[in-house]
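Take a look at the structure set out below.
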Amino acid sequence: MLVLALDTSTPAVTAAVGEVTDSGMKGIAERRTVDPRAHGERLAPQVRLVLDDAGVRVGELAAIVAGVGPGPFTGLRVGLATAAAMGQALGIPTYGICSLDALGRAAGPGRVLVATDARRREVYVATYADGVRVAGPEVAKPADVAVDADRAVGEGAVRYSEIFGIPVDDRLQYPPGEALIALAAESVRGRAPGDPLTPLYLRRPDAVEPGARKAVLP
Amino acid sequence: MPDEPLVLGIETSCDETGVGIVRGHTLLADALASSVEQHARFGGVVPEVASRAHLEAMVPTMQRALDDAGVTLADIDAIAVTAGPGLAGALLVGVAAAKGYALAADKPIYGVNHLAAHVAVDTLEHGPLPEPAIAMLVSGGHSSLLLVDDLTAGVTPLGATIDDAAGEAFDKVARLLGMGFPGGPVIDRTARAGNPAAIAFPRGLTAPKDQLKHRYDFSFSGLKTAVARWVEARERSGEPVPVADVAASFQDAVCDVLTSKALDACRQHGVETLIIGGGVAANSRLRVLAEERAAKLGIRVRVPRPGLCTDNGAMVAALGSHLVAAGVAPSRLDLPADSAMPLTSVTVAG
């Protein structure tokens, strides 16, 4: 079963195609561009290219997997809106996966801290034991993160490595599409009902209710 | 491409998630989801709240439109989407979704101008646009006078508000009268029981000295402050505030300026048709006053029904249909959302 994965929860725009089989999954093609200001422009052409790379027609897809964050809201929504629309148009299920889980899974064995940049000098963090999330996700100031891991991955970990004080693997900064597909493989294989792709915002909108009317007369 | 293309339009520039479907000039579906109630307690549209609501509403609103029209995405000839102007984050949800639909269904995509769509929507009610025409677009975000020579190529801006948009003035005055948000409908209703000549509120940029630089520009900020001062003076003197008279007099000041400047533009440019669009075009006083004054000048006023004046997907589909029929090239899949998209571009060029 051919699966498309999208993630726009970090400065990277990622699109990947993989195949889920009865016994496992294999990645076929993956593309990534890093440009925090152009998710809306980059994603759709990249989806088309990665499908071409994989030699897969869009109509052959059996499911779409999307990283649902946490991540900066505007960019995150680009991936989810595109994934949801494609799923609806193709009549195939969409599955949402916590984007940090893709990094946690790709990081492999041991206790790993995953951190991505939440802007405003904060990070989105979660902790993994052998690829399985044991704490988080949450949004926090780097200095307030209770580090309970031997090493760290993610662009947030690279950025705040001195504060976390554990070794950082800077080869693993953005959620890999192949890991997203692997995490959804069981749902794909079991033809589970799709998810509505609800973003993990972790923060409320900044909005204040107006106060009392201000006087205009002296 | 058929003469009467089947076009789908997606609108997410502010707080309404709209999906419309048209065939040529015929409206087949106009599905709408609004987040207005979520903004009411903030007294205005909160961009992040609107963007979140668009993402939630997109798929169900699309489904309703397709069901209402009795078509599938495979039947559609082209997808049009508002690329700007509007709230950046809100626009991006619609554009990203439109690209997903276009990619999956292998359809051409047109990134279109929201304001041009407000003009094009009138074709769904009153048929092809006479060109040239003057268009006045008045909403919570815009107050513009445009010369429309050729809607496929771009429109010429004649003037715009230099401060608050007309709809914004309605919202602010409603708030100071304690009437809630949005202000347009509630002021319109309240004003019906009031005397529009009770209070002489100022008409912005209508003095002779303004004719030179601001002949077709609007200003509503001073009017809003004048209403606030008048109400506050009343309250301080312990007298009751005649809310209906304030609403009627304020509304009349807005509609007086809007209609006189729009008709002045028609006369100066020798144009016989005035098209009014945008949320404020739903105002009953504006419609009546424009008709009365235009009739005396032999100018025809075209205003779509109120449901098509406010933001919706049908207007985007209507513009898309116009562009497809005219053979305009579609946009590319990397088209950006442009919160400040200029009126000189009707589409994001391919």
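Following the order of the structure tokens, first chain is A, next is B, and so on, with residues numbered from 1 inside each chain and ligands from 1 in the order they appear.
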Residue set, segment 62-300 of chain B restricted to strand (DSSP E or B), as an mmCIF file with N, CA and C atoms, in the first residue's frame:
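Below is the file that was written, out_7.cif:
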```cif
data_model
loop_
_atom_site.group_PDB
_atom_site.id
_atom_site.type_symbol
_atom_site.label_atom_id
_atom_site.label_comp_id
_atom_site.auth_asym_id
_atom_site.auth_seq_id
_atom_site.Cartn_x
_atom_site.Cartn_y
_atom_site.Cartn_z
ATOM 1 N N ALA B 78 -11.880 23.752 -12.911
ATOM 2 C CA ALA B 78 -10.781 24.521 -12.328
ATOM 3 C C ALA B 78 -11.114 24.869 -10.884
ATOM 4 N N ILE B 79 -10.059 25.100 -10.112
ATOM 5 C CA ILE B 79 -10.213 25.500 -8.710
ATOM 6 C C ILE B 79 -9.664 26.910 -8.563
ATOM 7 N N ALA B 80 -10.472 27.815 -8.013
ATOM 8 C CA ALA B 80 -10.010 29.177 -7.731
ATOM 9 C C ALA B 80 -9.934 29.345 -6.225
ATOM 10 N N VAL B 81 -8.959 30.119 -5.772
ATOM 11 C CA VAL B 81 -8.810 30.336 -4.329
ATOM 12 C C VAL B 81 -8.367 31.771 -4.104
ATOM 13 N N THR B 82 -8.873 32.378 -3.037
ATOM 14 C CA THR B 82 -8.438 33.731 -2.676
ATOM 15 C C THR B 82 -6.983 33.685 -2.261
ATOM 16 N N ALA B 83 -6.123 34.386 -3.003
ATOM 17 C CA ALA B 83 -4.694 34.449 -2.663
ATOM 18 C C ALA B 83 -4.390 35.708 -1.865
ATOM 19 N N GLY B 84 -5.291 36.697 -1.871
ATOM 20 C CA GLY B 84 -5.106 37.936 -1.126
ATOM 21 C C GLY B 84 -6.031 38.993 -1.688
ATOM 22 N N ILE B 109 -5.260 25.480 -11.027
ATOM 23 C CA ILE B 109 -5.581 26.312 -9.859
ATOM 24 C C ILE B 109 -5.379 27.778 -10.221
ATOM 25 N N TYR B 110 -6.311 28.630 -9.777
ATOM 26 C CA TYR B 110 -6.207 30.079 -9.981
ATOM 27 C C TYR B 110 -6.157 30.754 -8.608
ATOM 28 N N GLY B 111 -5.034 31.400 -8.302
ATOM 29 C CA GLY B 111 -4.968 32.224 -7.104
ATOM 30 C C GLY B 111 -5.520 33.589 -7.465
ATOM 31 N N VAL B 112 -6.616 34.011 -6.829
ATOM 32 C CA VAL B 112 -7.308 35.222 -7.284
ATOM 33 C C VAL B 112 -7.400 36.292 -6.205
ATOM 34 N N ASN B 113 -7.695 37.495 -6.649
ATOM 35 C CA ASN B 113 -7.807 38.668 -5.785
ATOM 36 C C ASN B 113 -9.203 38.726 -5.156
ATOM 37 N N ALA B 133 -17.067 49.770 -15.611
ATOM 38 C CA ALA B 133 -17.988 50.029 -14.507
ATOM 39 C C ALA B 133 -17.180 50.585 -13.339
ATOM 40 N N ILE B 134 -17.881 51.245 -12.436
ATOM 41 C CA ILE B 134 -17.244 51.639 -11.172
ATOM 42 C C ILE B 134 -17.684 50.623 -10.130
ATOM 43 N N ALA B 135 -16.743 50.141 -9.356
ATOM 44 C CA ALA B 135 -17.086 49.233 -8.265
ATOM 45 C C ALA B 135 -16.705 49.882 -6.948
ATOM 46 N N MET B 136 -17.622 49.780 -5.990
ATOM 47 C CA MET B 136 -17.316 50.248 -4.636
ATOM 48 C C MET B 136 -17.354 49.030 -3.730
ATOM 49 N N LEU B 137 -16.214 48.747 -3.100
ATOM 50 C CA LEU B 137 -16.121 47.589 -2.206
ATOM 51 C C LEU B 137 -15.969 48.079 -0.785
ATOM 52 N N VAL B 138 -16.939 47.739 0.032
ATOM 53 C CA VAL B 138 -16.956 48.251 1.402
ATOM 54 C C VAL B 138 -17.209 47.099 2.373
ATOM 55 N N SER B 143 -12.333 49.582 2.006
ATOM 56 C CA SER B 143 -13.264 50.579 1.476
ATOM 57 C C SER B 143 -12.582 51.155 0.251
ATOM 58 N N SER B 144 -12.976 50.694 -0.916
ATOM 59 C CA SER B 144 -12.262 51.069 -2.136
ATOM 60 C C SER B 144 -13.217 51.449 -3.245
ATOM 61 N N LEU B 145 -12.787 52.393 -4.058
ATOM 62 C CA LEU B 145 -13.480 52.718 -5.303
ATOM 63 C C LEU B 145 -12.585 52.302 -6.459
ATOM 64 N N LEU B 146 -13.150 51.531 -7.378
ATOM 65 C CA LEU B 146 -12.343 50.968 -8.462
ATOM 66 C C LEU B 146 -12.976 51.246 -9.800
ATOM 67 N N LEU B 147 -12.122 51.450 -10.791
ATOM 68 C CA LEU B 147 -12.583 51.519 -12.171
ATOM 69 C C LEU B 147 -12.310 50.159 -12.797
ATOM 70 N N VAL B 148 -13.383 49.503 -13.239
ATOM 71 C CA VAL B 148 -13.241 48.161 -13.804
ATOM 72 C C VAL B 148 -13.373 48.242 -15.320
ATOM 73 N N ASP B 149 -12.228 48.164 -16.000
ATOM 74 C CA ASP B 149 -12.225 48.179 -17.466
ATOM 75 C C ASP B 149 -12.311 46.765 -18.001
ATOM 76 N N ASP B 150 -11.534 45.880 -17.375
ATOM 77 C CA ASP B 150 -11.453 44.497 -17.834
ATOM 78 C C ASP B 150 -11.068 43.645 -16.629
ATOM 79 N N GLY B 154 -7.195 43.266 -14.523
ATOM 80 C CA GLY B 154 -6.869 44.090 -13.367
ATOM 81 C C GLY B 154 -7.822 45.249 -13.295
ATOM 82 N N VAL B 155 -7.879 45.886 -12.148
ATOM 83 C CA VAL B 155 -8.775 47.026 -12.009
ATOM 84 C C VAL B 155 -7.936 48.222 -11.582
ATOM 85 N N THR B 156 -8.456 49.412 -11.821
ATOM 86 C CA THR B 156 -7.722 50.622 -11.475
ATOM 87 C C THR B 156 -8.262 51.187 -10.170
ATOM 88 N N PRO B 157 -7.453 51.221 -9.135
ATOM 89 C CA PRO B 157 -7.925 51.811 -7.882
ATOM 90 C C PRO B 157 -8.059 53.326 -8.041
ATOM 91 N N LEU B 158 -9.215 53.869 -7.669
ATOM 92 C CA LEU B 158 -9.419 55.324 -7.726
ATOM 93 C C LEU B 158 -9.198 55.940 -6.353
ATOM 94 N N GLY B 159 -9.594 55.223 -5.328
ATOM 95 C CA GLY B 159 -9.447 55.741 -3.979
ATOM 96 C C GLY B 159 -9.759 54.658 -2.973
ATOM 97 N N ALA B 160 -9.417 54.937 -1.718
ATOM 98 C CA ALA B 160 -9.641 53.955 -0.652
ATOM 99 C C ALA B 160 -9.667 54.697 0.667
ATOM 100 N N THR B 161 -9.990 53.992 1.731
ATOM 101 C CA THR B 161 -9.993 54.661 3.023
ATOM 102 C C THR B 161 -8.559 54.977 3.428
ATOM 103 N N PHE B 218 -11.686 57.809 1.388
ATOM 104 C CA PHE B 218 -12.619 57.868 2.510
ATOM 105 C C PHE B 218 -11.847 58.001 3.813
ATOM 106 N N THR B 273 -22.651 52.245 -14.882
ATOM 107 C CA THR B 273 -22.977 51.188 -13.926
ATOM 108 C C THR B 273 -22.118 51.290 -12.680
ATOM 109 N N LEU B 274 -22.777 51.247 -11.526
ATOM 110 C CA LEU B 274 -22.071 51.194 -10.245
ATOM 111 C C LEU B 274 -22.362 49.843 -9.600
ATOM 112 N N ILE B 275 -21.295 49.104 -9.307
ATOM 113 C CA ILE B 275 -21.436 47.812 -8.620
ATOM 114 C C ILE B 275 -20.987 48.012 -7.175
ATOM 115 N N ILE B 276 -21.807 47.570 -6.234
ATOM 116 C CA ILE B 276 -21.421 47.682 -4.824
ATOM 117 C C ILE B 276 -21.277 46.280 -4.252
ATOM 118 N N GLY B 277 -20.166 46.047 -3.569
ATOM 119 C CA GLY B 277 -19.934 44.735 -2.972
ATOM 120 C C GLY B 277 -19.260 44.874 -1.621
ATOM 121 N N ARG B 300 -27.039 53.054 -13.339
ATOM 122 C CA ARG B 300 -27.620 51.816 -12.846
ATOM 123 C C ARG B 300 -26.779 51.263 -11.689
#
```
Exercise for the section: Compute the chain B side of the contact with chain A at 8 Å, counting only C-alpha atoms, and hand it back as an MDAnalysis selection string. Expected result: chainID B and resid 41:43 46 48:49 55:56 58:59 73 89 92:101 103:105 176 225 228:229 232:233 333:337
Deliver the residues from the most recent selection as a file, using N, CA and C atoms, as a compact mmCIF listing (two decimals), in the first residue's frame.
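Output saved as part-v1.txt:
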```
# COMPACT_ATOMS: atom_id res chain seq x y z
N ARG B 41 -16.33 38.11 21.51
CA ARG B 41 -15.91 38.64 22.81
C ARG B 41 -14.64 39.47 22.72
N PHE B 42 -13.92 39.35 21.61
CA PHE B 42 -12.72 40.16 21.42
C PHE B 42 -13.03 41.47 20.70
N GLY B 43 -14.26 41.63 20.23
CA GLY B 43 -14.66 42.86 19.57
C GLY B 43 -14.09 43.03 18.17
N VAL B 46 -9.88 37.87 15.46
CA VAL B 46 -8.54 37.51 15.94
C VAL B 46 -7.93 36.56 14.91
N GLU B 48 -5.42 34.44 14.60
CA GLU B 48 -5.09 33.05 14.92
C GLU B 48 -6.36 32.21 15.16
N VAL B 49 -7.35 32.82 15.78
CA VAL B 49 -8.62 32.13 15.99
C VAL B 49 -9.27 31.81 14.64
N LEU B 55 -9.04 25.77 9.28
CA LEU B 55 -8.50 24.42 9.12
C LEU B 55 -9.56 23.38 9.52
N GLU B 56 -10.27 23.66 10.61
CA GLU B 56 -11.31 22.72 11.06
C GLU B 56 -12.47 22.64 10.07
N MET B 58 -12.55 23.43 6.76
CA MET B 58 -12.30 23.28 5.32
C MET B 58 -12.93 22.03 4.72
N VAL B 59 -12.62 20.87 5.27
CA VAL B 59 -13.09 19.61 4.68
C VAL B 59 -14.63 19.49 4.75
N LEU B 73 -15.30 16.29 -7.19
CA LEU B 73 -14.11 17.06 -7.57
C LEU B 73 -13.63 16.68 -8.97
N GLY B 89 -2.28 34.36 7.70
CA GLY B 89 -2.42 32.98 8.17
C GLY B 89 -3.72 32.34 7.71
N LEU B 92 -3.55 31.44 3.99
CA LEU B 92 -2.66 30.31 3.74
C LEU B 92 -3.40 28.97 3.89
N VAL B 93 -4.36 28.90 4.79
CA VAL B 93 -5.10 27.65 4.96
C VAL B 93 -5.89 27.34 3.68
N GLY B 94 -6.54 28.34 3.14
CA GLY B 94 -7.31 28.12 1.91
C GLY B 94 -6.43 27.79 0.73
N VAL B 95 -5.31 28.50 0.62
CA VAL B 95 -4.40 28.27 -0.50
C VAL B 95 -3.79 26.87 -0.40
N ALA B 96 -3.39 26.47 0.81
CA ALA B 96 -2.78 25.14 0.99
C ALA B 96 -3.80 24.05 0.70
N ALA B 97 -5.04 24.25 1.12
CA ALA B 97 -6.08 23.27 0.85
C ALA B 97 -6.37 23.21 -0.65
N ALA B 98 -6.46 24.37 -1.28
CA ALA B 98 -6.76 24.42 -2.72
C ALA B 98 -5.69 23.66 -3.51
N LYS B 99 -4.44 23.81 -3.08
CA LYS B 99 -3.36 23.10 -3.76
C LYS B 99 -3.51 21.60 -3.57
N GLY B 100 -3.92 21.19 -2.37
CA GLY B 100 -4.15 19.77 -2.13
C GLY B 100 -5.24 19.22 -3.03
N TYR B 101 -6.32 19.96 -3.16
CA TYR B 101 -7.41 19.53 -4.06
C TYR B 101 -6.94 19.49 -5.51
N LEU B 103 -3.86 19.22 -6.68
CA LEU B 103 -2.88 18.14 -6.87
C LEU B 103 -3.57 16.78 -6.99
N ALA B 104 -4.47 16.54 -6.03
CA ALA B 104 -5.08 15.21 -5.95
C ALA B 104 -6.05 14.98 -7.11
N ALA B 105 -6.77 16.02 -7.50
CA ALA B 105 -7.78 15.86 -8.56
C ALA B 105 -7.22 16.25 -9.93
N LEU B 176 -19.23 51.01 21.05
CA LEU B 176 -19.37 52.09 22.02
C LEU B 176 -20.84 52.31 22.40
N THR B 225 -14.86 58.93 16.13
CA THR B 225 -14.53 59.72 17.30
C THR B 225 -15.63 60.74 17.60
N ALA B 228 -18.31 58.99 19.39
CA ALA B 228 -17.88 58.70 20.77
C ALA B 228 -17.99 59.95 21.64
N ARG B 229 -17.56 61.09 21.09
CA ARG B 229 -17.61 62.35 21.86
C ARG B 229 -19.06 62.75 22.16
N GLU B 232 -20.50 60.41 24.76
CA GLU B 232 -19.91 60.64 26.08
C GLU B 232 -20.43 61.94 26.70
N ALA B 233 -20.58 62.98 25.89
CA ALA B 233 -21.10 64.25 26.39
C ALA B 233 -22.51 64.07 26.94
N LEU B 333 1.63 25.91 -9.03
CA LEU B 333 1.40 25.23 -7.76
C LEU B 333 2.19 25.85 -6.61
N ASP B 334 3.16 26.72 -6.93
CA ASP B 334 3.90 27.38 -5.85
C ASP B 334 3.35 28.78 -5.58
N LEU B 335 2.12 29.04 -5.99
CA LEU B 335 1.57 30.38 -5.82
C LEU B 335 1.53 30.74 -4.33
N PRO B 336 1.96 31.96 -3.99
CA PRO B 336 1.95 32.37 -2.59
C PRO B 336 0.62 32.99 -2.18
N ALA B 337 0.32 32.93 -0.89
CA ALA B 337 -0.74 33.77 -0.35
C ALA B 337 -0.11 35.15 -0.16
```
Handout entry: Point-to-point distance from atom CA of Arg203 of chain B to atom CA of Ala165 of chain B, Å rounded to tenths
Key =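 Spanning atom CA of Arg203 of chain B to atom CA of Ala165 of chain B is a straight-line distance of 14.2 Å.
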Practice task
Record the distance separating atom CA of Pro60 of chain B and atom CA of Glu11 of chain B, expressed in Å with one decimal.
Solution key: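 Going from atom CA of Pro60 of chain B over to atom CA of Glu11 of chain B covers 14.0 Å.
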Shell of 12 Å around Phe181 of chain B, only C-alpha atoms, local chain residues under 6 positions omitted, as a PDB file with C-alpha atoms, in the first residue's frame:
```
ATOM      1  CA  VAL B  36     -17.677  35.121  13.897  1.00  0.00           C
ATOM      2  CA  GLU B  37     -19.058  33.928  17.250  1.00  0.00           C
ATOM      3  CA  GLN B  38     -15.564  32.987  18.423  1.00  0.00           C
ATOM      4  CA  HIS B  39     -14.402  36.560  17.737  1.00  0.00           C
ATOM      5  CA  ALA B  40     -17.350  38.378  19.299  1.00  0.00           C
ATOM      6  CA  ARG B  41     -15.912  38.644  22.807  1.00  0.00           C
ATOM      7  CA  PHE B  42     -12.718  40.164  21.420  1.00  0.00           C
ATOM      8  CA  GLY B  43     -14.661  42.862  19.570  1.00  0.00           C
ATOM      9  CA  GLY B  44     -12.980  42.032  16.269  1.00  0.00           C
ATOM     10  CA  VAL B  45     -11.530  39.183  14.239  1.00  0.00           C
ATOM     11  CA  GLY B 140     -14.719  45.450   7.619  1.00  0.00           C
ATOM     12  CA  GLY B 167     -17.308  48.167   8.266  1.00  0.00           C
ATOM     13  CA  GLU B 168     -14.728  48.774  10.951  1.00  0.00           C
ATOM     14  CA  ALA B 169     -16.470  52.061  11.788  1.00  0.00           C
ATOM     15  CA  PHE B 170     -19.752  50.156  12.151  1.00  0.00           C
ATOM     16  CA  ASP B 171     -18.048  47.679  14.521  1.00  0.00           C
ATOM     17  CA  LYS B 172     -16.471  50.411  16.617  1.00  0.00           C
ATOM     18  CA  VAL B 173     -19.634  52.500  16.895  1.00  0.00           C
ATOM     19  CA  ALA B 174     -21.669  49.407  17.767  1.00  0.00           C
ATOM     20  CA  ARG B 175     -19.191  48.654  20.500  1.00  0.00           C
ATOM     21  CA  ILE B 187     -26.741  49.194  13.638  1.00  0.00           C
TER      22      ILE B 187
END
```
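Between Val112 of chain A and the candidates A:Pro142, A:Ala152, A:Val147, A:Ile181, the tightest atom-to-atom separation, counting only C-alpha atoms, involves A:Ala152.
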